[in-house]
Amino acid sequence: MISKKKVKAGNAVDEYAYVPEGLKKFCVSIDSVRLYEKNPRRNDIAVEDLARLIKANMFRKPIVVDQHGIIRAGNTAYKAARKLNMRMIPVAQSDFTDEGAAVEYVISDNKAGERSEWDLDVLKELMVTHNLADAEHRPNTGLTQVEVNRLFDIKEQAEQTLKHAIEVAVTCESEDVARTVYDRLTAEGYKCRVLTL
C-alpha cells in the first residue's frame with residue numbers, strides 16, 4: 001500500500017507544484033513510488049518535452065502504481081516530475097493479482113497509443129478555434145513548429161530550412177534506440193536515414 005504521507009515543503013518547489021486542486025487528494029510523496037526497471041518502452045528522449053508540458057499545463061492524470069509502489073503506467077511522467085523537482089505527484093493505485101498481470105498491463109498501456117492516429121481536419125480546426133498555432137501557445141500543445149507548418153501547409157520555413165541543410169550522424173547502441181531516435185526526428189520533420197555499420 002502506498003503511503004499518503006505528506007512531505008515537508010522545501011525551498012525549491014511548493015510541495016504541490018504543477019498539481020491542479022482536483023488531483024491533490026490523490027498525491028503521494030514522489031519518493032514513495034519507484035520506476036518499473038523492466039519497462040519495455042525507452043522514454044528518456046521524451047522526458048524534457050513532457051516536463052515542459054507539465055510546467056505549462058500542469059499534471060493532469062495520475063501515474064498508475066501497483067500495491068508495492070512500482071509504476072506500471074507513467075514512467076515518463078515520473079521522470080519529468082523528478083526533472084521539475086516535484087515533491088508530490090498524483091497516483092492511482094491498482095492492485096494486480098500477480099506480476100504477470102502487471103506486466104500484461106504495462107505492455108498493453110504502452111501499445112495502445114501506437115494504434116491511434118490524428119484526425120488532421122479536427123486538429124486543424126481546434127488549433128484555429130483556440131488560437132493554438134501561434135508562437136505563444138504552440139509549444140504547450142507538444143506539436144513542433146514543423147508539424148504545425150505541415151498541418152497548415154506552410155512551406156516557407158521548410159524551404160528555408162532545406163537551403164541550409166546540415167548533415168548530422170548519430171551513433172546508437174542498438175537497433176531499438178536507433179528506431180526511437182529515427183521515429184522522433186522524422187516526427188519533428190527532419191529527413192533521416194539509417195546506416196548500418
# chains A, B, ... in the order shown; residues from 1 in each chain; ligands from 1
>>> residues_around(residues="stretch 67-77 of chain A", least_positions_apart="3", cutoff="6 Å", atoms="only C-alpha atoms", output="list in words")
Met1, Ile2, Val33, Arg34, Leu35, Tyr36, Asn43, Val47, Ile63, Val64, Ala80, Asp95 and Val106 of chain A
>>> select_by_dssp(residues="chain A", states="alpha helix (DSSP H)", output="MDAnalysis selection string")
chainID A and resid 44:57 75:83 99:112 120:129 145:151 156:163 175:187
>>> write_last_selection(atoms="C-alpha atoms", output="PDB file, in the first residue's frame")
ATOM      1  CA  ASP A  44      14.260   9.208 -21.847  1.00  0.00           C
ATOM      2  CA  ILE A  45      14.068  11.168 -25.107  1.00  0.00           C
ATOM      3  CA  ALA A  46      10.558  12.374 -24.146  1.00  0.00           C
ATOM      4  CA  VAL A  47      11.257  13.436 -20.550  1.00  0.00           C
ATOM      5  CA  GLU A  48      12.350  17.021 -21.237  1.00  0.00           C
ATOM      6  CA  ASP A  49       9.378  17.665 -23.547  1.00  0.00           C
ATOM      7  CA  LEU A  50       6.921  16.204 -21.041  1.00  0.00           C
ATOM      8  CA  ALA A  51       8.456  18.244 -18.207  1.00  0.00           C
ATOM      9  CA  ARG A  52       7.936  21.406 -20.280  1.00  0.00           C
ATOM     10  CA  LEU A  53       4.319  20.400 -20.999  1.00  0.00           C
ATOM     11  CA  ILE A  54       3.621  19.641 -17.322  1.00  0.00           C
ATOM     12  CA  LYS A  55       5.070  23.029 -16.410  1.00  0.00           C
ATOM     13  CA  ALA A  56       2.769  24.702 -18.953  1.00  0.00           C
ATOM     14  CA  ASN A  57      -0.404  22.620 -18.476  1.00  0.00           C
ATOM     15  CA  ASN A  75       7.392   6.180 -16.067  1.00  0.00           C
ATOM     16  CA  THR A  76       7.976   9.175 -18.357  1.00  0.00           C
ATOM     17  CA  ALA A  77       5.697  11.383 -16.254  1.00  0.00           C
ATOM     18  CA  TYR A  78       7.572  10.298 -13.112  1.00  0.00           C
ATOM     19  CA  LYS A  79      10.927  11.192 -14.694  1.00  0.00           C
ATOM     20  CA  ALA A  80       9.503  14.547 -15.847  1.00  0.00           C
ATOM     21  CA  ALA A  81       8.216  15.219 -12.313  1.00  0.00           C
ATOM     22  CA  ARG A  82      11.697  14.482 -10.957  1.00  0.00           C
ATOM     23  CA  LYS A  83      13.181  16.875 -13.513  1.00  0.00           C
ATOM     24  CA  GLU A  99       3.498  -9.968 -11.710  1.00  0.00           C
ATOM     25  CA  GLY A 100       2.237 -11.490 -14.970  1.00  0.00           C
ATOM     26  CA  ALA A 101      -0.967  -9.433 -14.774  1.00  0.00           C
ATOM     27  CA  ALA A 102       1.043  -6.291 -14.012  1.00  0.00           C
ATOM     28  CA  VAL A 103       3.386  -6.869 -16.967  1.00  0.00           C
ATOM     29  CA  GLU A 104       0.419  -7.556 -19.249  1.00  0.00           C
ATOM     30  CA  TYR A 105      -0.982  -4.150 -18.275  1.00  0.00           C
ATOM     31  CA  VAL A 106       2.394  -2.419 -18.795  1.00  0.00           C
ATOM     32  CA  ILE A 107       2.687  -3.774 -22.337  1.00  0.00           C
ATOM     33  CA  SER A 108      -0.942  -3.061 -23.250  1.00  0.00           C
ATOM     34  CA  ASP A 109      -0.753   0.509 -21.906  1.00  0.00           C
ATOM     35  CA  ASN A 110       2.360   1.221 -23.969  1.00  0.00           C
ATOM     36  CA  LYS A 111       0.919  -0.427 -27.079  1.00  0.00           C
ATOM     37  CA  ALA A 112      -2.469   1.318 -27.012  1.00  0.00           C
ATOM     38  CA  LEU A 120      -5.964  16.306 -39.157  1.00  0.00           C
ATOM     39  CA  ASP A 121      -9.127  18.250 -40.047  1.00  0.00           C
ATOM     40  CA  VAL A 122     -10.317  18.247 -36.438  1.00  0.00           C
ATOM     41  CA  LEU A 123      -6.804  19.045 -35.171  1.00  0.00           C
ATOM     42  CA  LYS A 124      -6.535  21.993 -37.546  1.00  0.00           C
ATOM     43  CA  GLU A 125      -9.991  23.251 -36.503  1.00  0.00           C
ATOM     44  CA  LEU A 126      -9.050  23.054 -32.814  1.00  0.00           C
ATOM     45  CA  MET A 127      -5.755  24.838 -33.406  1.00  0.00           C
ATOM     46  CA  VAL A 128      -7.526  27.671 -35.266  1.00  0.00           C
ATOM     47  CA  THR A 129     -10.556  27.955 -32.951  1.00  0.00           C
ATOM     48  CA  GLN A 145       6.721  24.163 -35.495  1.00  0.00           C
ATOM     49  CA  VAL A 146       7.453  21.819 -38.399  1.00  0.00           C
ATOM     50  CA  GLU A 147       4.317  19.777 -37.580  1.00  0.00           C
ATOM     51  CA  VAL A 148       2.183  22.929 -37.399  1.00  0.00           C
ATOM     52  CA  ASN A 149       3.651  24.151 -40.694  1.00  0.00           C
ATOM     53  CA  ARG A 150       2.800  20.812 -42.274  1.00  0.00           C
ATOM     54  CA  LEU A 151      -0.711  20.907 -40.830  1.00  0.00           C
ATOM     55  CA  GLU A 156       8.246  28.847 -46.381  1.00  0.00           C
ATOM     56  CA  GLN A 157      10.057  27.643 -43.275  1.00  0.00           C
ATOM     57  CA  ALA A 158      10.548  24.137 -44.669  1.00  0.00           C
ATOM     58  CA  GLU A 159      12.039  25.561 -47.877  1.00  0.00           C
ATOM     59  CA  GLN A 160      14.264  27.928 -45.893  1.00  0.00           C
ATOM     60  CA  THR A 161      15.475  25.021 -43.769  1.00  0.00           C
ATOM     61  CA  LEU A 162      16.392  22.990 -46.857  1.00  0.00           C
ATOM     62  CA  LYS A 163      18.605  25.816 -48.154  1.00  0.00           C
ATOM     63  CA  GLU A 175      18.552  -1.052 -33.329  1.00  0.00           C
ATOM     64  CA  ASP A 176      15.794  -0.237 -30.828  1.00  0.00           C
ATOM     65  CA  VAL A 177      17.471   3.012 -29.789  1.00  0.00           C
ATOM     66  CA  ALA A 178      18.124   3.853 -33.457  1.00  0.00           C
ATOM     67  CA  ARG A 179      14.427   3.273 -34.248  1.00  0.00           C
ATOM     68  CA  THR A 180      13.363   5.522 -31.351  1.00  0.00           C
ATOM     69  CA  VAL A 181      15.704   8.327 -32.456  1.00  0.00           C
ATOM     70  CA  TYR A 182      14.675   7.920 -36.102  1.00  0.00           C
ATOM     71  CA  ASP A 183      10.943   7.986 -35.251  1.00  0.00           C
ATOM     72  CA  ARG A 184      11.334  11.044 -33.021  1.00  0.00           C
ATOM     73  CA  LEU A 185      13.339  13.040 -35.565  1.00  0.00           C
ATOM     74  CA  THR A 186      11.099  12.178 -38.507  1.00  0.00           C
ATOM     75  CA  ALA A 187       8.040  13.122 -36.403  1.00  0.00           C
TER      76      ALA A 187
END
>>> closest_residue(among="A:Gly142, A:Pro62, A:Glu15, A:Cys27", to="A:Glu188", atoms="only C-alpha atoms")
A:Gly142
>>> closest_residue(among="A:Asp31, A:Asp98, A:Glu21, A:Glu167", to="A:Asn85", atoms="only C-alpha atoms")
A:Asp31
>>> atom_distance(atom1="atom CA of A:Asp153", atom2="atom CA of A:Ile166")
23.3 Å
>>> select_by_dssp(residues="stretch 59-154 of chain A", states="strand (DSSP E or B)", output="PyMOL selection string")
chain A and resi 63-65+70-73+88-93
>>> write_last_selection(atoms="N, CA and C atoms", output="compact mmCIF listing (two decimals), in the first residue's frame")
# COMPACT_ATOMS: atom_id res chain seq x y z
N ILE A 63 -0.33 8.90 -12.19
CA ILE A 63 0.55 7.78 -12.53
C ILE A 63 -0.09 6.53 -11.92
N VAL A 64 -0.04 5.42 -12.63
CA VAL A 64 -0.60 4.16 -12.12
C VAL A 64 0.52 3.35 -11.47
N VAL A 65 0.30 2.99 -10.21
CA VAL A 65 1.27 2.16 -9.49
C VAL A 65 0.57 0.90 -8.99
N ILE A 70 5.29 0.32 -7.35
CA ILE A 70 6.04 0.26 -8.60
C ILE A 70 5.17 0.85 -9.70
N ILE A 71 5.73 1.76 -10.48
CA ILE A 71 4.98 2.42 -11.55
C ILE A 71 4.70 1.44 -12.68
N ARG A 72 3.43 1.33 -13.05
CA ARG A 72 3.03 0.43 -14.14
C ARG A 72 2.56 1.22 -15.36
N ALA A 73 2.26 2.48 -15.20
CA ALA A 73 1.96 3.38 -16.33
C ALA A 73 2.32 4.79 -15.87
N MET A 88 5.32 16.10 -4.64
CA MET A 88 4.10 15.30 -4.55
C MET A 88 3.59 15.07 -5.97
N ILE A 89 3.16 13.84 -6.25
CA ILE A 89 2.62 13.52 -7.58
C ILE A 89 1.31 12.76 -7.42
N PRO A 90 0.35 12.98 -8.34
CA PRO A 90 -0.90 12.24 -8.27
C PRO A 90 -0.70 10.80 -8.71
N VAL A 91 -1.25 9.89 -7.92
CA VAL A 91 -1.06 8.47 -8.15
C VAL A 91 -2.39 7.73 -8.00
N ALA A 92 -2.62 6.77 -8.88
CA ALA A 92 -3.76 5.86 -8.76
C ALA A 92 -3.18 4.48 -8.50
N GLN A 93 -3.54 3.89 -7.36
CA GLN A 93 -3.04 2.55 -7.05
C GLN A 93 -3.97 1.51 -7.63
>>> atom_distance(atom1="atom CA of A:Ser174", atom2="atom CA of A:Gly189")
22.8 Å
